[in-house]
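Next comes query-v3.pdb, a file with PDB, C-alpha atoms.
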```pdb
ATOM      1  CA  MET A   1       4.608   2.273  24.521
ATOM      2  CA  ALA A   2       5.692   5.038  22.167
ATOM      3  CA  ASN A   3       5.631   8.586  23.398
ATOM      4  CA  ARG A   4       2.499  10.424  22.354
ATOM      5  CA  LYS A   5       3.674  11.566  18.942
ATOM      6  CA  THR A   6       1.039  12.568  16.442
ATOM      7  CA  ILE A   7       0.974  10.808  13.100
ATOM      8  CA  LEU A   8      -0.997  12.109  10.139
ATOM      9  CA  LEU A   9      -2.168   9.124   8.137
ATOM     10  CA  THR A  10      -3.872   9.689   4.795
ATOM     11  CA  GLY A  11      -6.088   6.945   3.438
ATOM     12  CA  SER A  12      -7.081   5.984   6.983
ATOM     13  CA  ALA A  13     -10.412   4.497   5.850
ATOM     14  CA  GLY A  14      -8.604   2.306   3.351
ATOM     15  CA  PHE A  15      -7.490  -1.282   3.804
ATOM     16  CA  ILE A  16      -3.867  -0.700   4.809
ATOM     17  CA  GLY A  17      -4.671   2.628   6.466
ATOM     18  CA  PHE A  18      -7.247   1.037   8.756
ATOM     19  CA  HIS A  19      -4.939  -1.742   9.937
ATOM     20  CA  LEU A  20      -1.985   0.601  10.350
ATOM     21  CA  SER A  21      -4.049   3.165  12.286
ATOM     22  CA  ASN A  22      -5.264   0.429  14.612
ATOM     23  CA  ARG A  23      -1.710  -0.760  15.268
ATOM     24  CA  LEU A  24      -0.361   2.774  15.793
ATOM     25  CA  LEU A  25      -3.057   3.508  18.370
ATOM     26  CA  LYS A  26      -2.092   0.339  20.247
ATOM     27  CA  GLU A  27       1.547   1.471  20.119
ATOM     28  CA  GLY A  28       0.615   4.713  21.879
ATOM     29  CA  TYR A  29       0.609   7.166  19.004
ATOM     30  CA  SER A  30      -2.100   9.733  18.352
ATOM     31  CA  VAL A  31      -3.439   9.375  14.829
ATOM     32  CA  ILE A  32      -5.106  11.988  12.647
ATOM     33  CA  GLY A  33      -6.817  10.084   9.852
ATOM     34  CA  VAL A  34      -7.607  11.697   6.517
ATOM     35  CA  ASP A  35      -9.719  10.156   3.761
ATOM     36  CA  ASN A  36     -12.152  11.429   1.130
ATOM     37  CA  LEU A  37     -14.355   8.307   1.330
ATOM     38  CA  ASN A  38     -14.698   8.139  -2.447
ATOM     39  CA  ASN A  39     -16.869   5.499  -4.072
ATOM     40  CA  TYR A  40     -14.129   3.589  -5.917
ATOM     41  CA  TYR A  41     -15.388   0.696  -3.800
ATOM     42  CA  ASP A  42     -18.010   0.155  -1.064
ATOM     43  CA  VAL A  43     -18.176   3.301   1.078
ATOM     44  CA  GLU A  44     -19.986   1.416   3.840
ATOM     45  CA  LEU A  45     -16.971  -0.845   4.276
ATOM     46  CA  LYS A  46     -14.790   2.256   4.709
ATOM     47  CA  LYS A  47     -17.225   3.677   7.261
ATOM     48  CA  SER A  48     -17.214   0.408   9.192
ATOM     49  CA  ARG A  49     -13.442   0.599   9.451
ATOM     50  CA  LEU A  50     -13.622   4.203  10.668
ATOM     51  CA  ASN A  51     -16.261   3.335  13.245
ATOM     52  CA  LEU A  52     -13.905   0.845  14.839
ATOM     53  CA  LEU A  53     -11.023   3.317  14.854
ATOM     54  CA  ALA A  54     -13.244   6.012  16.388
ATOM     55  CA  GLU A  55     -13.615   3.878  19.522
ATOM     56  CA  ASN A  56     -10.095   5.013  20.465
ATOM     57  CA  LYS A  57      -9.959   8.559  21.890
ATOM     58  CA  ASN A  58      -6.532   9.109  20.339
ATOM     59  CA  PHE A  59      -7.922   8.789  16.824
ATOM     60  CA  SER A  60      -9.468  11.729  15.033
ATOM     61  CA  PHE A  61     -10.809  11.772  11.497
ATOM     62  CA  ILE A  62     -11.029  14.497   8.874
ATOM     63  CA  LYS A  63     -12.807  14.008   5.576
ATOM     64  CA  ALA A  64     -10.717  15.667   2.879
ATOM     65  CA  SER A  65      -9.201  15.031  -0.547
ATOM     66  CA  LEU A  66      -5.465  15.318  -1.076
ATOM     67  CA  GLU A  67      -5.984  17.482  -4.144
ATOM     68  CA  ASP A  68      -7.711  20.138  -2.000
ATOM     69  CA  TYR A  69      -4.617  22.072  -0.943
ATOM     70  CA  ASN A  70      -6.388  24.454   1.433
ATOM     71  CA  SER A  71      -7.908  21.569   3.389
ATOM     72  CA  ILE A  72      -4.578  19.765   3.601
ATOM     73  CA  GLN A  73      -2.805  22.915   4.777
ATOM     74  CA  LYS A  74      -5.399  23.487   7.512
ATOM     75  CA  ILE A  75      -4.919  19.934   8.759
ATOM     76  CA  PHE A  76      -1.160  20.395   9.029
ATOM     77  CA  ASN A  77      -1.603  23.720  10.808
ATOM     78  CA  ARG A  78      -4.069  22.496  13.419
ATOM     79  CA  LYS A  79      -1.688  20.349  15.462
ATOM     80  CA  LYS A  80       1.993  19.493  15.761
ATOM     81  CA  ILE A  81       2.469  16.524  13.453
ATOM     82  CA  SER A  82       5.652  14.484  13.846
ATOM     83  CA  VAL A  83       5.286  11.866  11.121
ATOM     84  CA  VAL A  84       3.257  11.762   7.912
ATOM     85  CA  ILE A  85       2.264   8.429   6.367
ATOM     86  CA  ASN A  86       0.723   8.939   2.943
ATOM     87  CA  LEU A  87      -1.323   5.901   1.908
ATOM     88  CA  ALA A  88      -4.127   7.786   0.144
ATOM     89  CA  ALA A  89      -4.117   7.233  -3.602
ATOM     90  CA  GLN A  90      -6.261   6.191  -6.493
ATOM     91  CA  ALA A  91      -5.456   2.499  -6.563
ATOM     92  CA  GLY A  92      -5.922  -0.192  -9.177
ATOM     93  CA  VAL A  93      -4.034  -1.003 -12.376
ATOM     94  CA  ARG A  94      -7.093  -1.862 -14.460
ATOM     95  CA  TYR A  95      -9.151   1.160 -13.389
ATOM     96  CA  SER A  96      -6.330   3.410 -14.614
ATOM     97  CA  LEU A  97      -7.293   2.348 -18.137
ATOM     98  CA  GLU A  98     -10.833   3.617 -17.574
ATOM     99  CA  ASN A  99     -10.304   6.799 -15.562
ATOM    100  CA  PRO A 100      -6.722   8.043 -15.974
ATOM    101  CA  ARG A 101      -7.446  11.571 -14.738
ATOM    102  CA  ALA A 102      -8.357  10.265 -11.288
ATOM    103  CA  TYR A 103      -4.758   9.042 -10.937
ATOM    104  CA  ILE A 104      -3.244  12.384 -11.899
ATOM    105  CA  ASP A 105      -5.555  14.274  -9.529
ATOM    106  CA  SER A 106      -5.002  12.093  -6.477
ATOM    107  CA  ASN A 107      -1.587  10.522  -6.964
ATOM    108  CA  ILE A 108       0.258  13.454  -8.534
ATOM    109  CA  ALA A 109      -1.509  16.697  -7.570
ATOM    110  CA  GLY A 110      -2.561  15.272  -4.207
ATOM    111  CA  PHE A 111       0.914  14.028  -3.355
ATOM    112  CA  LEU A 112       2.388  17.398  -4.292
ATOM    113  CA  ASN A 113       0.105  18.991  -1.691
ATOM    114  CA  ILE A 114       1.386  16.558   0.934
ATOM    115  CA  LEU A 115       4.984  17.371   0.034
ATOM    116  CA  GLU A 116       4.335  21.106   0.175
ATOM    117  CA  ALA A 117       2.698  20.778   3.586
ATOM    118  CA  CYS A 118       5.610  18.662   4.879
ATOM    119  CA  ARG A 119       8.011  21.285   3.571
ATOM    120  CA  HIS A 120       6.467  24.016   5.723
ATOM    121  CA  CYS A 121       5.779  22.004   8.887
ATOM    122  CA  ARG A 122       9.146  20.477   9.879
ATOM    123  CA  ILE A 123       8.057  16.867   9.560
ATOM    124  CA  GLU A 124      10.407  14.350  11.203
ATOM    125  CA  HIS A 125       9.668  11.580   8.710
ATOM    126  CA  LEU A 126       7.529  11.191   5.598
ATOM    127  CA  ILE A 127       6.594   7.624   4.706
ATOM    128  CA  PHE A 128       4.704   7.160   1.453
ATOM    129  CA  ALA A 129       3.167   4.229  -0.371
ATOM    130  CA  SER A 130       4.667   3.193  -3.653
ATOM    131  CA  SER A 131       3.902  -0.108  -5.374
ATOM    132  CA  SER A 132       5.446  -3.223  -6.871
ATOM    133  CA  SER A 133       3.788  -2.027 -10.090
ATOM    134  CA  VAL A 134       6.719   0.339 -10.633
ATOM    135  CA  TYR A 135       8.835  -2.625 -11.765
ATOM    136  CA  GLY A 136       6.741  -2.700 -14.938
ATOM    137  CA  ALA A 137       8.561  -4.411 -17.794
ATOM    138  CA  ASN A 138      11.428  -5.624 -15.563
ATOM    139  CA  THR A 139      11.877  -9.409 -15.670
ATOM    140  CA  HIS A 140      14.970  -9.950 -13.505
ATOM    141  CA  MET A 141      13.751 -11.680 -10.337
ATOM    142  CA  PRO A 142      13.491 -11.013  -7.498
ATOM    143  CA  PHE A 143      12.642  -7.342  -7.985
ATOM    144  CA  SER A 144      15.249  -5.275  -6.186
ATOM    145  CA  VAL A 145      15.060  -1.655  -5.039
ATOM    146  CA  HIS A 146      18.559  -1.346  -6.512
ATOM    147  CA  HIS A 147      17.225  -2.005 -10.038
ATOM    148  CA  ASN A 148      16.174   0.839 -12.308
ATOM    149  CA  VAL A 149      12.400   1.047 -12.823
ATOM    150  CA  ASP A 150      12.033   3.219 -15.899
ATOM    151  CA  HIS A 151       9.522   1.211 -17.936
ATOM    152  CA  PRO A 152       6.087   1.191 -16.238
ATOM    153  CA  VAL A 153       3.260  -0.559 -18.090
ATOM    154  CA  SER A 154       0.280   1.209 -16.488
ATOM    155  CA  LEU A 155      -0.540   4.803 -15.619
ATOM    156  CA  TYR A 156      -0.995   3.731 -11.998
ATOM    157  CA  ALA A 157       2.607   2.489 -11.956
ATOM    158  CA  ALA A 158       3.813   5.699 -13.608
ATOM    159  CA  THR A 159       2.156   7.809 -10.893
ATOM    160  CA  LYS A 160       3.788   5.723  -8.171
ATOM    161  CA  LYS A 161       7.197   6.059  -9.805
ATOM    162  CA  SER A 162       6.477   9.793 -10.039
ATOM    163  CA  ASN A 163       5.785   9.868  -6.290
ATOM    164  CA  GLU A 164       9.219   8.414  -5.639
ATOM    165  CA  LEU A 165      10.857  11.048  -7.833
ATOM    166  CA  MET A 166       8.838  13.893  -6.321
ATOM    167  CA  ALA A 167       9.685  12.774  -2.786
ATOM    168  CA  HIS A 168      13.374  12.647  -3.678
ATOM    169  CA  VAL A 169      13.282  16.224  -4.959
ATOM    170  CA  TYR A 170      11.708  17.480  -1.729
ATOM    171  CA  SER A 171      14.089  15.377   0.347
ATOM    172  CA  HIS A 172      17.015  17.000  -1.473
ATOM    173  CA  LEU A 173      15.708  20.579  -1.592
ATOM    174  CA  TYR A 174      14.153  20.791   1.873
ATOM    175  CA  ASN A 175      15.912  18.033   3.835
ATOM    176  CA  ILE A 176      12.700  16.051   4.404
ATOM    177  CA  PRO A 177      13.540  12.472   5.479
ATOM    178  CA  ALA A 178      11.448  10.417   3.057
ATOM    179  CA  THR A 179      10.876   6.653   2.894
ATOM    180  CA  GLY A 180       9.039   5.054  -0.019
ATOM    181  CA  LEU A 181       7.484   1.615   0.394
ATOM    182  CA  ARG A 182       6.802  -0.654  -2.559
ATOM    183  CA  PHE A 183       3.964  -2.913  -1.417
ATOM    184  CA  PHE A 184       3.469  -6.308  -3.045
ATOM    185  CA  THR A 185      -0.169  -7.510  -3.494
ATOM    186  CA  VAL A 186      -1.515  -6.922   0.004
ATOM    187  CA  TYR A 187      -4.409  -9.107   1.222
ATOM    188  CA  GLY A 188      -6.259  -9.958   4.421
ATOM    189  CA  PRO A 189      -9.331  -9.132   6.562
ATOM    190  CA  TRP A 190     -11.050  -5.816   5.838
ATOM    191  CA  GLY A 191      -9.480  -5.909   2.378
ATOM    192  CA  ARG A 192     -10.370  -4.107  -0.838
ATOM    193  CA  PRO A 193     -13.366  -5.523  -2.746
ATOM    194  CA  ASP A 194     -11.714  -4.661  -6.077
ATOM    195  CA  MET A 195      -8.832  -7.059  -5.370
ATOM    196  CA  ALA A 196      -8.997 -10.479  -7.016
ATOM    197  CA  TYR A 197      -8.991 -12.587  -3.827
ATOM    198  CA  PHE A 198     -11.966 -10.594  -2.484
ATOM    199  CA  SER A 199     -14.031 -10.735  -5.668
ATOM    200  CA  PHE A 200     -13.094 -14.403  -6.160
ATOM    201  CA  THR A 201     -14.396 -15.237  -2.684
ATOM    202  CA  ARG A 202     -17.707 -13.508  -3.347
ATOM    203  CA  ALA A 203     -18.124 -15.172  -6.747
ATOM    204  CA  ILE A 204     -17.222 -18.671  -5.514
ATOM    205  CA  LEU A 205     -19.705 -18.446  -2.646
ATOM    206  CA  GLU A 206     -22.407 -17.239  -5.054
ATOM    207  CA  GLY A 207     -21.598 -19.897  -7.656
ATOM    208  CA  LYS A 208     -20.616 -17.293 -10.254
ATOM    209  CA  PRO A 209     -17.629 -17.632 -12.607
ATOM    210  CA  ILE A 210     -14.329 -15.928 -11.806
ATOM    211  CA  LYS A 211     -12.105 -14.349 -14.465
ATOM    212  CA  VAL A 212      -8.668 -15.945 -14.367
ATOM    213  CA  PHE A 213      -6.263 -13.837 -16.403
ATOM    214  CA  ASN A 214      -3.174 -15.181 -18.161
ATOM    215  CA  TYR A 215      -4.881 -18.577 -17.866
ATOM    216  CA  GLY A 216      -3.912 -18.774 -14.188
ATOM    217  CA  LYS A 217      -0.165 -18.621 -14.893
ATOM    218  CA  MET A 218       0.430 -15.227 -13.284
ATOM    219  CA  LYS A 219       2.522 -15.201 -10.120
ATOM    220  CA  ARG A 220       2.133 -12.718  -7.286
ATOM    221  CA  ASP A 221       4.107 -12.084  -4.124
ATOM    222  CA  PHE A 222       0.964 -12.066  -1.954
ATOM    223  CA  THR A 223       1.726 -10.237   1.313
ATOM    224  CA  TYR A 224      -0.484 -10.512   4.398
ATOM    225  CA  ILE A 225      -1.653  -7.220   5.873
ATOM    226  CA  ASP A 226      -0.102  -7.770   9.328
ATOM    227  CA  ASP A 227       3.323  -8.180   7.707
ATOM    228  CA  ILE A 228       2.901  -4.916   5.803
ATOM    229  CA  VAL A 229       1.928  -3.104   9.010
ATOM    230  CA  GLU A 230       4.839  -4.581  10.975
ATOM    231  CA  GLY A 231       7.297  -3.364   8.368
ATOM    232  CA  ILE A 232       5.873   0.174   8.421
ATOM    233  CA  VAL A 233       5.810   0.391  12.223
ATOM    234  CA  ARG A 234       9.449  -0.661  12.438
ATOM    235  CA  LEU A 235      10.455   1.996   9.915
ATOM    236  CA  ILE A 236       8.640   4.923  11.573
ATOM    237  CA  PRO A 237      11.393   5.682  14.133
ATOM    238  CA  ARG A 238      14.091   5.218  11.472
ATOM    239  CA  PRO A 239      14.037   8.285   9.209
ATOM    240  CA  PRO A 240      16.596   7.792   6.454
ATOM    241  CA  LEU A 241      19.969   9.507   6.471
ATOM    242  CA  PRO A 242      22.010  10.511   3.428
ATOM    243  CA  ASN A 243      24.018   7.579   2.089
ATOM    244  CA  PRO A 244      27.695   8.619   2.471
ATOM    245  CA  SER A 245      28.794   6.049  -0.137
ATOM    246  CA  TRP A 246      26.264   7.120  -2.755
ATOM    247  CA  ASP A 247      28.105   7.464  -6.069
ATOM    248  CA  ARG A 248      26.925   9.951  -8.708
ATOM    249  CA  ASP A 249      28.772   7.961 -11.379
ATOM    250  CA  ALA A 250      26.962   4.743 -10.388
ATOM    251  CA  PRO A 251      23.784   5.971  -8.664
ATOM    252  CA  ASP A 252      21.880   3.550  -6.447
ATOM    253  CA  PRO A 253      18.110   4.020  -7.046
ATOM    254  CA  ALA A 254      17.276   2.854  -3.495
ATOM    255  CA  SER A 255      19.165   5.566  -1.608
ATOM    256  CA  SER A 256      20.629   9.007  -2.130
ATOM    257  CA  PHE A 257      22.933  11.811  -1.079
ATOM    258  CA  ALA A 258      19.652  13.169   0.370
ATOM    259  CA  PRO A 259      17.798  11.628   3.366
ATOM    260  CA  TYR A 260      15.811   9.273   1.144
ATOM    261  CA  LYS A 261      15.278   5.495   0.998
ATOM    262  CA  ILE A 262      13.145   2.970  -0.882
ATOM    263  CA  TYR A 263      12.124  -0.463   0.450
ATOM    264  CA  ASN A 264      10.208  -3.442  -0.866
ATOM    265  CA  ILE A 265       7.714  -5.017   1.530
ATOM    266  CA  GLY A 266       6.685  -8.378   0.138
ATOM    267  CA  ASN A 267       6.400 -11.985   1.214
ATOM    268  CA  ASN A 268       9.478 -12.974  -0.823
ATOM    269  CA  ARG A 269       7.617 -16.076  -2.036
ATOM    270  CA  PRO A 270       5.602 -15.783  -5.282
ATOM    271  CA  VAL A 271       2.507 -17.956  -5.669
ATOM    272  CA  GLU A 272       0.915 -18.906  -8.971
ATOM    273  CA  LEU A 273      -2.618 -17.576  -9.312
ATOM    274  CA  SER A 274      -4.027 -21.056  -9.960
ATOM    275  CA  ASP A 275      -2.505 -22.291  -6.689
ATOM    276  CA  PHE A 276      -3.862 -19.247  -4.844
ATOM    277  CA  ILE A 277      -7.348 -20.060  -6.137
ATOM    278  CA  SER A 278      -6.940 -23.679  -5.005
ATOM    279  CA  VAL A 279      -6.233 -22.509  -1.434
ATOM    280  CA  LEU A 280      -9.328 -20.284  -1.577
ATOM    281  CA  GLU A 281     -11.425 -23.238  -2.771
ATOM    282  CA  GLU A 282     -10.100 -25.442   0.011
ATOM    283  CA  HIS A 283     -10.943 -22.942   2.763
ATOM    284  CA  LEU A 284     -14.340 -22.127   1.253
ATOM    285  CA  GLY A 285     -15.172 -25.799   0.727
ATOM    286  CA  LYS A 286     -16.390 -25.004  -2.763
ATOM    287  CA  LYS A 287     -14.945 -25.181  -6.266
ATOM    288  CA  ALA A 288     -14.670 -22.100  -8.446
ATOM    289  CA  VAL A 289     -16.220 -21.827 -11.897
ATOM    290  CA  LYS A 290     -13.238 -20.519 -13.862
ATOM    291  CA  GLU A 291     -13.262 -18.386 -17.002
ATOM    292  CA  TYR A 292      -9.725 -18.433 -18.381
ATOM    293  CA  LEU A 293      -8.619 -15.274 -20.169
ATOM    294  CA  PRO A 294      -5.407 -13.809 -21.648
ATOM    295  CA  MET A 295      -3.296 -11.205 -19.868
ATOM    296  CA  GLN A 296      -4.958  -7.822 -19.443
ATOM    297  CA  SER A 297      -3.326  -4.579 -20.561
ATOM    298  CA  GLY A 298      -1.260  -3.006 -17.803
ATOM    299  CA  ASP A 299      -0.700  -6.271 -15.899
ATOM    300  CA  VAL A 300       2.618  -8.024 -15.372
ATOM    301  CA  ALA A 301       3.211 -11.770 -15.385
ATOM    302  CA  GLU A 302       5.072 -12.046 -12.085
ATOM    303  CA  THR A 303       6.086 -10.108  -8.985
ATOM    304  CA  PHE A 304       8.740 -11.213  -6.503
ATOM    305  CA  ALA A 305      10.158  -8.948  -3.792
ATOM    306  CA  ASP A 306      13.798  -8.794  -2.797
ATOM    307  CA  ILE A 307      13.535  -7.729   0.863
ATOM    308  CA  ASP A 308      17.219  -7.821   1.832
ATOM    309  CA  ASP A 309      17.305  -4.101   2.657
ATOM    310  CA  LEU A 310      14.233  -4.319   4.888
ATOM    311  CA  MET A 311      15.698  -7.282   6.758
ATOM    312  CA  ALA A 312      19.081  -5.580   7.144
ATOM    313  CA  ASP A 313      17.678  -2.293   8.415
ATOM    314  CA  VAL A 314      14.788  -3.346  10.672
ATOM    315  CA  GLY A 315      15.326  -7.084  11.174
ATOM    316  CA  PHE A 316      11.947  -8.108   9.822
ATOM    317  CA  LYS A 317      10.876 -10.482   7.073
ATOM    318  CA  PRO A 318       7.208 -10.975   6.106
ATOM    319  CA  SER A 319       6.422 -14.650   6.544
ATOM    320  CA  THR A 320       2.663 -15.317   6.770
ATOM    321  CA  PRO A 321       1.855 -18.188   4.352
ATOM    322  CA  ILE A 322      -1.170 -17.792   2.070
ATOM    323  CA  GLU A 323      -2.832 -20.804   3.703
ATOM    324  CA  GLU A 324      -2.969 -18.954   7.019
ATOM    325  CA  GLY A 325      -3.614 -15.509   5.544
ATOM    326  CA  LEU A 326      -6.538 -16.661   3.407
ATOM    327  CA  LYS A 327      -8.006 -18.642   6.302
ATOM    328  CA  ARG A 328      -8.107 -15.446   8.371
ATOM    329  CA  PHE A 329      -9.556 -13.440   5.481
ATOM    330  CA  ILE A 330     -12.342 -15.925   4.828
ATOM    331  CA  GLY A 331     -13.189 -16.054   8.536
ATOM    332  CA  TRP A 332     -13.531 -12.263   8.536
ATOM    333  CA  TYR A 333     -15.476 -12.260   5.264
ATOM    334  CA  LYS A 334     -18.083 -14.731   6.494
ATOM    335  CA  ASN A 335     -18.479 -12.863   9.774
ATOM    336  CA  TYR A 336     -18.711  -9.387   8.215
ATOM    337  CA  TYR A 337     -21.202 -10.428   5.535
ATOM    338  CA  ARG A 338     -23.039 -12.758   7.918
ATOM    339  CA  ILE A 339     -22.536 -15.903   5.835
TER     340      ILE A 339
END
```
For the file at hand, write its structure as structure tokens.
Amino acid sequence: MANRKTILLTGSAGFIGFHLSNRLLKEGYSVIGVDNLNNYYDVELKKSRLNLLAENKNFSFIKASLEDYNSIQKIFNRKKISVVINLAAQAGVRYSLENPRAYIDSNIAGFLNILEACRHCRIEHLIFASSSSVYGANTHMPFSVHHNVDHPVSLYAATKKSNELMAHVYSHLYNIPATGLRFFTVYGPWGRPDMAYFSFTRAILEGKPIKVFNYGKMKRDFTYIDDIVEGIVRLIPRPPLPNPSWDRDAPDPASSFAPYKIYNIGNNRPVELSDFISVLEEHLGKKAVKEYLPMQSGDVAETFADIDDLMADVGFKPSTPIEEGLKRFIGWYKNYYRI
């Protein structure tokens, strides 16, 4: 078991935050969860997650928004926090077309508040969520953390790229060890209802049509939630060090002269959307009614994670196949919604 370090985890009522909090508590950490419980998706689902976490005496929860600096500062001042894991964010590529200001408030202003608090509280390690969306217009596969990512195609992606840049500045100026994690299409039990696999499952069971963008030809590096959590847990005790071979004439985007590092966490095995739907249909025992549509603004045709750095540094490679991951999700879905 880990020693009783205290981890501040923002977005603790969210999909990844819930699973990670649960794992950290089992590992022996104390967890302070922060979430604003906004209504971007079903608040009752978020509360159900929190209710399960609250059964552990080493979990405490504070309702607060990242953009409320005074609240964030009070949280940091109330207890000695060793590690900060920032998962709270306004998520969703398509929603960023409808409500762009929500992304600036939460993902930019909110993250600045986290950085400022870390600056003043001697944090041992800041881990923050980035996204595969930062690869934007890149087409060289697999996506590598050593590639430049200067052409985002959604505001959501731009805010996540901004987070990486902001964290680097604070790592350089204030010697904060900072690790950014680019997650690739995370799925599994207790997932987000706005994600395609979740909404597809609901629609198929109800006999309603599903919207299949890019005529089903999109590919995603679907990554099962347990693999995401395993990668994060292994990185917690490994705060990055300055890279002694970092070259200012040929700068590596994944590391720095500062204590800063970027990793991909993905399954390293893209699956075509049409094949993903076929696996869903098989496990549900029901065919989907498909409405084929062109690519939506802000989307990318394919994601594919190069995870060589993750494997080299922590000896872990996500490996859960979609057949197994979707089977577990559907089992949870039917139990939770009493189907």
* **Long-range neighbours of A:Asn138 as a count of residues only, 8 Å cut-off, only C-alpha atoms, 3 positions minimum in chain** => 4
* Neighbourhood query: residues within 8 Å of (-4.5, 10.5, 5.5), file coordinates, counting all atoms listed in the file; return as a PyMOL selection string. => chain A and resi 8-12+17+32-35+85-88
* For the file shown, report as an NGL selection string the outcome of the PyMOL selection byres ((chain A and resi 76) around 12) at residue level. => :A and (6-10 or 32-34 or 62 or 69-75 or 77-84 or 113-123)
* Which neighbours of A:Ser144 fall inside 12 Å, counting all atoms listed in the file, when residues of the same chain fewer than 3 positions from it are skipped, and could you give them as number ranges by chain? -> A: 132, 134-135, 138-141, 147-149, 182, 252-254, 262-266, 268, 303-310
Saved selection, atoms kept: C-alpha atoms, as a PDB file, in the coordinates of the input:
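That gives us out.pdb:
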```pdb
ATOM      1  CA  SER A 132       5.446  -3.223  -6.871  1.00  0.00           C
ATOM      2  CA  VAL A 134       6.719   0.339 -10.633  1.00  0.00           C
ATOM      3  CA  TYR A 135       8.835  -2.625 -11.765  1.00  0.00           C
ATOM      4  CA  ASN A 138      11.428  -5.624 -15.563  1.00  0.00           C
ATOM      5  CA  THR A 139      11.877  -9.409 -15.670  1.00  0.00           C
ATOM      6  CA  HIS A 140      14.970  -9.950 -13.505  1.00  0.00           C
ATOM      7  CA  MET A 141      13.751 -11.680 -10.337  1.00  0.00           C
ATOM      8  CA  HIS A 147      17.225  -2.005 -10.038  1.00  0.00           C
ATOM      9  CA  ASN A 148      16.174   0.839 -12.308  1.00  0.00           C
ATOM     10  CA  VAL A 149      12.400   1.047 -12.823  1.00  0.00           C
ATOM     11  CA  ARG A 182       6.802  -0.654  -2.559  1.00  0.00           C
ATOM     12  CA  ASP A 252      21.880   3.550  -6.447  1.00  0.00           C
ATOM     13  CA  PRO A 253      18.110   4.020  -7.046  1.00  0.00           C
ATOM     14  CA  ALA A 254      17.276   2.854  -3.495  1.00  0.00           C
ATOM     15  CA  ILE A 262      13.145   2.970  -0.882  1.00  0.00           C
ATOM     16  CA  TYR A 263      12.124  -0.463   0.450  1.00  0.00           C
ATOM     17  CA  ASN A 264      10.208  -3.442  -0.866  1.00  0.00           C
ATOM     18  CA  ILE A 265       7.714  -5.017   1.530  1.00  0.00           C
ATOM     19  CA  GLY A 266       6.685  -8.378   0.138  1.00  0.00           C
ATOM     20  CA  ASN A 268       9.478 -12.974  -0.823  1.00  0.00           C
ATOM     21  CA  THR A 303       6.086 -10.108  -8.985  1.00  0.00           C
ATOM     22  CA  PHE A 304       8.740 -11.213  -6.503  1.00  0.00           C
ATOM     23  CA  ALA A 305      10.158  -8.948  -3.792  1.00  0.00           C
ATOM     24  CA  ASP A 306      13.798  -8.794  -2.797  1.00  0.00           C
ATOM     25  CA  ILE A 307      13.535  -7.729   0.863  1.00  0.00           C
ATOM     26  CA  ASP A 308      17.219  -7.821   1.832  1.00  0.00           C
ATOM     27  CA  ASP A 309      17.305  -4.101   2.657  1.00  0.00           C
ATOM     28  CA  LEU A 310      14.233  -4.319   4.888  1.00  0.00           C
TER      29      LEU A 310
END
```
* **Explicit residue set for the PyMOL selection byres ((chain A and resi 188-194) around 10), as a VMD selection string** => chain A and resid 14 to 16 18 to 19 40 to 42 45 to 46 48 to 49 91 to 92 94 to 95 186 to 187 195 to 202 222 to 226 322 324 to 333 336
Stretch 49-55 of chain A: axis-aligned bounding box, 8 Å on each side, centre and edge lengths in Å, one decimal, as JSON:
```
{"center_x": -13.6, "center_y": 3.3, "center_z": 14.5, "size_x": 21.2, "size_y": 21.4, "size_z": 26.1}
```
* Between A:Pro259, A:Gly285, A:Gly28, A:Pro100, single out the one closest to A:Leu205, counting only C-alpha atoms. => A:Gly285
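Distance check against A:Pro242 using all atoms listed in the file: of A:Ala258, A:Ile204, A:Ile339, A:Leu97, the minimum falls on A:Ala258.
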